[in-house]
Amino acid sequence: MYFLSDYGTADEFVGVVRAVLHGLAPTLSVIDLSHQVPAFDIAAGAAMLVRSGPYLGAGVVLAVVDPGVGTDRRGVALEVPAGGPRWLVGPDNGLLLPLAASLGGVRAAYALDPVRTGTDRPGGTFDGRDVFAPAAAHLAAGGDPRVIGQPIVAATLRSGPDGGRPGPEGSTRGSGGDLPGVRAEVTWIDGFGNVQLAARPDALSAIGLTMGGTSRVTVAPREVGAGDREARTVLATRVTAFGQLAPGQFGLLDDANGLVSLVLDRASAARVLGLPGPGIAVHIGPDDRGAPRDAGPPDV
Amino acid sequence: MYFLSDYGTADEFVGVVRAVLHGLAPTLSVIDLSHQVPAFDIAAGAAMLVRSGPYLGAGVVLAVVDPGVGTDRRGVALEVPAGGPRWLVGPDNGLLLPLAASLGGVRAAYALDPVRTGTDRPGGTFDGRDVFAPAAAHLAAGGDPRVIGQPIVAATLRSGPDGGRPGPEGSTRGSGGDLPGVRAEVTWIDGFGNVQLAARPDALSAIGLTMGGTSRVTVAPREVGAGDREARTVLATRVTAFGQLAPGQFGLLDDANGLVSLVLDRASAARVLGLPGPGIAVHIGPDDRGAPRDAGPPDV
Amino acid sequence: MYFLSDYGTADEFVGVVRAVLHGLAPTLSVIDLSHQVPAFDIAAGAAMLVRSGPYLGAGVVLAVVDPGVGTDRRGVALEVPAGGPRWLVGPDNGLLLPLAASLGGVRAAYALDPVRTGTDRPGGTFDGRDVFAPAAAHLAAGGDPRVIGQPIVAATLRSGPDGGRPGPEGSTRGSGGDLPGVRAEVTWIDGFGNVQLAARPDALSAIGLTMGGTSRVTVAPREVGAGDREARTVLATRVTAFGQLAPGQFGLLDDANGLVSLVLDRASAARVLGLPGPGIAVHIGPDDRGAPRDAGPPDV
């Protein structure tokens with residue numbers, strides 16, 4: 001089983017869910033993907049699941065980022081085609097759908113019945129413990145989904161907030177109309193400060209940016225407060241490894257998820273550029289000043 | 001086995017203890033409850049164990065929050081009645097007693113003999129590695145406790161600092177004498193900023209606060225520095241789910257531990273109220289201004 | 001298997017590597033040493049491995065702190081003498097050599113062939129997932145190292161940055177020439193703020209500092225910015241347990257790694273002294289003011 005949540009690691013939430021899983025399925029091995037999804041950030045959790053998807057084996061994905069817990073939002077189990085995990089279990093709030101799509105789509109969907117999965121535990125605000133873990137353990141053991149829920153029509157499943165952020169899947173069609181180049185949103189800033197973009201490396205090739213070539217990257221931060229943040233432009237060299245960059249030199253890296261990341265070597269590109277998180281638009285255009293051999297930290 | 005500590009996750013402490021456990025009991029599965037108990041905070045660790053207690057299965061609980069390591073404080077193994085975990089292993093400093101009480105009380109207690117559990121490892125400041133892990137592995141394998149320690153009288157076990165903070169168990173008898181309402185201390189602020197109180201939901205019902213009703217909640221922060229922090233009063237609506245609250249509206253939630261938590265939806269009530277941690281007194285009284293239908297963020 | 005990295009816990013990196021390991025070796029148990037090695041800090045990761053070394057059982061150590069990923073730095077598998085782990089797998093950048101030395105030296109070394117270990121996964125920047133995990137799983141299953149790499153001469157393995165920080169092994173020969181006493185560098189500041197020194201307790205005994213005795217400890221912070229930080233001197237009492245210290249009293253502790261640590265009881269010595277990290281020189285000399293019985297917080 002694979003387990004992702006926004007529970008954090010400071011409290012006992014993850015431990016309690018694992019204790020419940022262990023009680024129901026003592027031989028089940030549980031792999032934590034991460035429990036530090038930003039609190040309530042369904043889109044970030046969904047993106048993390050999609051990035052993890054290609055590396056997951058058979059079994060169940062248990063995912064809980066669930067601001068609507070206790071309301072009438074449904075808990076669901078989604079069956080996906082064989083090959084990787086077979087079941088995705090969590091809230092019906094858009095968290096699971098992008099992963100399901102990347103694994104071949106929803107083959108069958110069930111709304112979990114809290115009465116049948118849950119117990120007489122206090123409160124209604126910890127469905128990870130009370131509903132999702134029991135359901136996931138049941139399915140991991142090969143149980144019949146109709147024991148814990150009823151079939152629902154997949155088309156009724158909810159997509160994420162604002163229809164879902166452009167995900168790592170199929171989002172390279174972002175060339176701007178006005179400016180030549182590639183336009184893409186930031187999809188993820190990882191713990192090293194690398195800035196992943198919703199663009200595939202072949203989109204860079206398509207605008208003539210070959211390996212070692214330099215382009216102008218313009219970052220348009222979201223309006224914050226008085227909205228007086230300005231766009232910022234830096235030169236960035238297309239590379240395949242961090243170590244090909246000089247100190248302070250920005251790179252456009254063919255990253256480990258098959259996308260392009262804006263990076264520095266051993267430093268946080270996000271911090272240097274003042275990027276707070278996903279969603280910001282980035283434009284990659286030709287370097288009309290020519291491609292300096294040793295760009296260094298540009299001050300444009 | 002269930003493992004809790006204040007070791008943090010930045011250093012290798014947890015990994016080394018798990019390596020020792022694995023060496024002694026290769027097939028043992030170890031579930032981490034949390035290793036981010038605030039450093040040296042015995043009461044916080046004890047409360048975390050109590051909250052986790054109902055969900056733990058058979059086996060051993062290994063818990064280490066141990067500011068007195070290396071002094072003459074004892075290491076102990078406590079046997080509790082069957083049903084959940086059978087053994088609690090850790091320092092004799094009050095960390096284990098509240099969990100033992102919640103599991104039915106101490107049936108037998110043993111003082112661990114470091115000579116018999118420990119090895120020729122350097123230093124005397126890492127009993128988690130050198131004494132508690134070997135003792136826990138021994139007991140998890142069904143070993144005789146007299147091999148690793150000698151029986152002691154349970155009445156000699158130490159309770160926690162200042163007799164133990166009012167715990168989640170049996171602490172709803174806190175109605176104030178002067179003011180009508182419920183008086184309770186903060187027991188826990190979780191990673192989302194939810195503020196758990198030492199009061200059960202039926203205490204709210206007892207003062208006439210029904211689901212959807214509004215009450216005045218007065219928070220008296222501990223005196224800090226010059227002691228000039230004032231009590232703060234907000235309106236809060238009794239709810240069963242975060243999603244029943246409007247943005248900025250405080251709620252009194254029937255929480256997942258069977259207690260009342262003061263919360264906001266998708267925001268940190270603790271941060272908004274400036275609450276630093278457990279121990280602060282909170283008073284929940286009738287809303288003498290009447291219960292507005294849509295309270296919104298009160299500015300009282 | 002034992003797994004250490006600088007991946008952090010916020011992203012899914014660790015989970016994905018564990019998923020890959022689980023896919024290749026479903027029954028393998030994986031123990032995380034830590035994934036919060038400071039980013040790119042090879043020396044800190046190497047020191048953590050060395051400290052963990054004595055407690056590791058048979059199997060494979062997978063360690064990834066790898067700023068050079070994607071460059072021509074080699075990935076390696078190092079065989080060490082029987083007794084603890086047999087294989088160390090990771091980048092050839094000095095991360096593994098100190099652990100290998102502490103375990104008896106490199107018996108055989110292999111350069112990993114990414115073509116034979118890796119897959120058709122995107123990018124070349126996640127060798128933990130694509131090269132090291134498959135290699136480690138292969139070796140954990142008893143596979144022939146020549147299937148995944150070719151033998152190399154151990155003498156060609158790279159040592160760490162600046163030849164490696166003086167490690168916990170054999171670094172007590174640091175008595176200063178000018179001043180009587182022990183001179184040692186800070187090797188590690190743990191999460192509690194304890195300051196470990198590259199000195200063994202017998203070096204303290206050699207300068208006449210017996211248990212309970214007091215010495216003058218001078219800390220020379222690294223020059224920062226304008227370089228105007230001054231050395232700072234405090235009195236410290238030699239102890240075997242934190243609990244032997246009064247509040248605010250510094251101690252020189254025989255620590256759990258067989259070294260000397262400069263500590264406070266239930267407080268961060270590093271923070272009080274303003275020490276940012278390893279590498280700082282510390283001098284431990286006689287207390288020429290005499291050894292006060294109850295030193296208390298010194299204001300020298």
# chains A, B, ... in the order shown; residues from 1 in each chain; ligands from 1
>>> interface_residues(of="chain C", to="chain A", cutoff="6 Å", atoms="only C-alpha atoms", output="PDB file with C-alpha atoms, in the first residue's frame")
ATOM      1  CA  ALA C  10       8.362  17.132   2.067  1.00  0.00           C
ATOM      2  CA  GLU C  12       7.843  12.188  -2.681  1.00  0.00           C
ATOM      3  CA  GLY C  15       8.625   7.304  -1.223  1.00  0.00           C
ATOM      4  CA  ALA C  19       8.431   2.087  -4.192  1.00  0.00           C
ATOM      5  CA  GLY C  23       8.884  -3.451  -6.703  1.00  0.00           C
ATOM      6  CA  GLY C  68      27.067  15.784  -9.089  1.00  0.00           C
ATOM      7  CA  GLY C  70      24.081  13.662 -14.143  1.00  0.00           C
ATOM      8  CA  THR C  71      27.711  14.603 -14.521  1.00  0.00           C
ATOM      9  CA  PRO C 122      12.968  10.367 -17.931  1.00  0.00           C
ATOM     10  CA  GLY C 123      15.850  12.668 -17.053  1.00  0.00           C
ATOM     11  CA  THR C 125      18.913  13.676 -12.278  1.00  0.00           C
ATOM     12  CA  PHE C 126      17.346  11.063 -10.016  1.00  0.00           C
TER      13      PHE C 126
END
>>> residues_around(residues="A:Leu235", least_positions_apart="4", cutoff="7 Å", atoms="only C-alpha atoms", output="PDB file with C-alpha atoms, in the first residue's frame")
ATOM      1  CA  THR A 214      20.628  29.929 -23.729  1.00  0.00           C
ATOM      2  CA  SER A 215      17.161  31.419 -23.525  1.00  0.00           C
ATOM      3  CA  ARG A 216      15.449  34.270 -21.721  1.00  0.00           C
ATOM      4  CA  VAL A 217      13.117  33.101 -19.000  1.00  0.00           C
ATOM      5  CA  PHE A 250      20.203  29.381 -14.157  1.00  0.00           C
ATOM      6  CA  PRO A 298      22.413  37.788 -15.063  1.00  0.00           C
TER       7      PRO A 298
END
>>> select_by_dssp(residues="stretch 190-261 of chain A", states="strand (DSSP E or B)", output="PyMOL selection string")
chain A and resi 195-197+214-220+232-239+250-254+260-261
>>> select_by_dssp(residues="stretch 92-296 of chain C", states="alpha helix (DSSP H)", output="number ranges by chain")
C: 97-102, 114-117, 127, 133-140, 201-206, 269-273
>>> atom_distance(atom1="atom CA of B:His22", atom2="atom CA of B:Ala140")
11.9 Å
>>> residues_around(residues="A:Leu88", least_positions_apart="2", cutoff="8 Å", atoms="only C-alpha atoms", output="list in words")
Val60, Val61, Leu62, Ala63, Ala77, Leu78, Glu79, Val80, Pro85, Arg86, Gly90, Leu96 and Ala100 of chain A
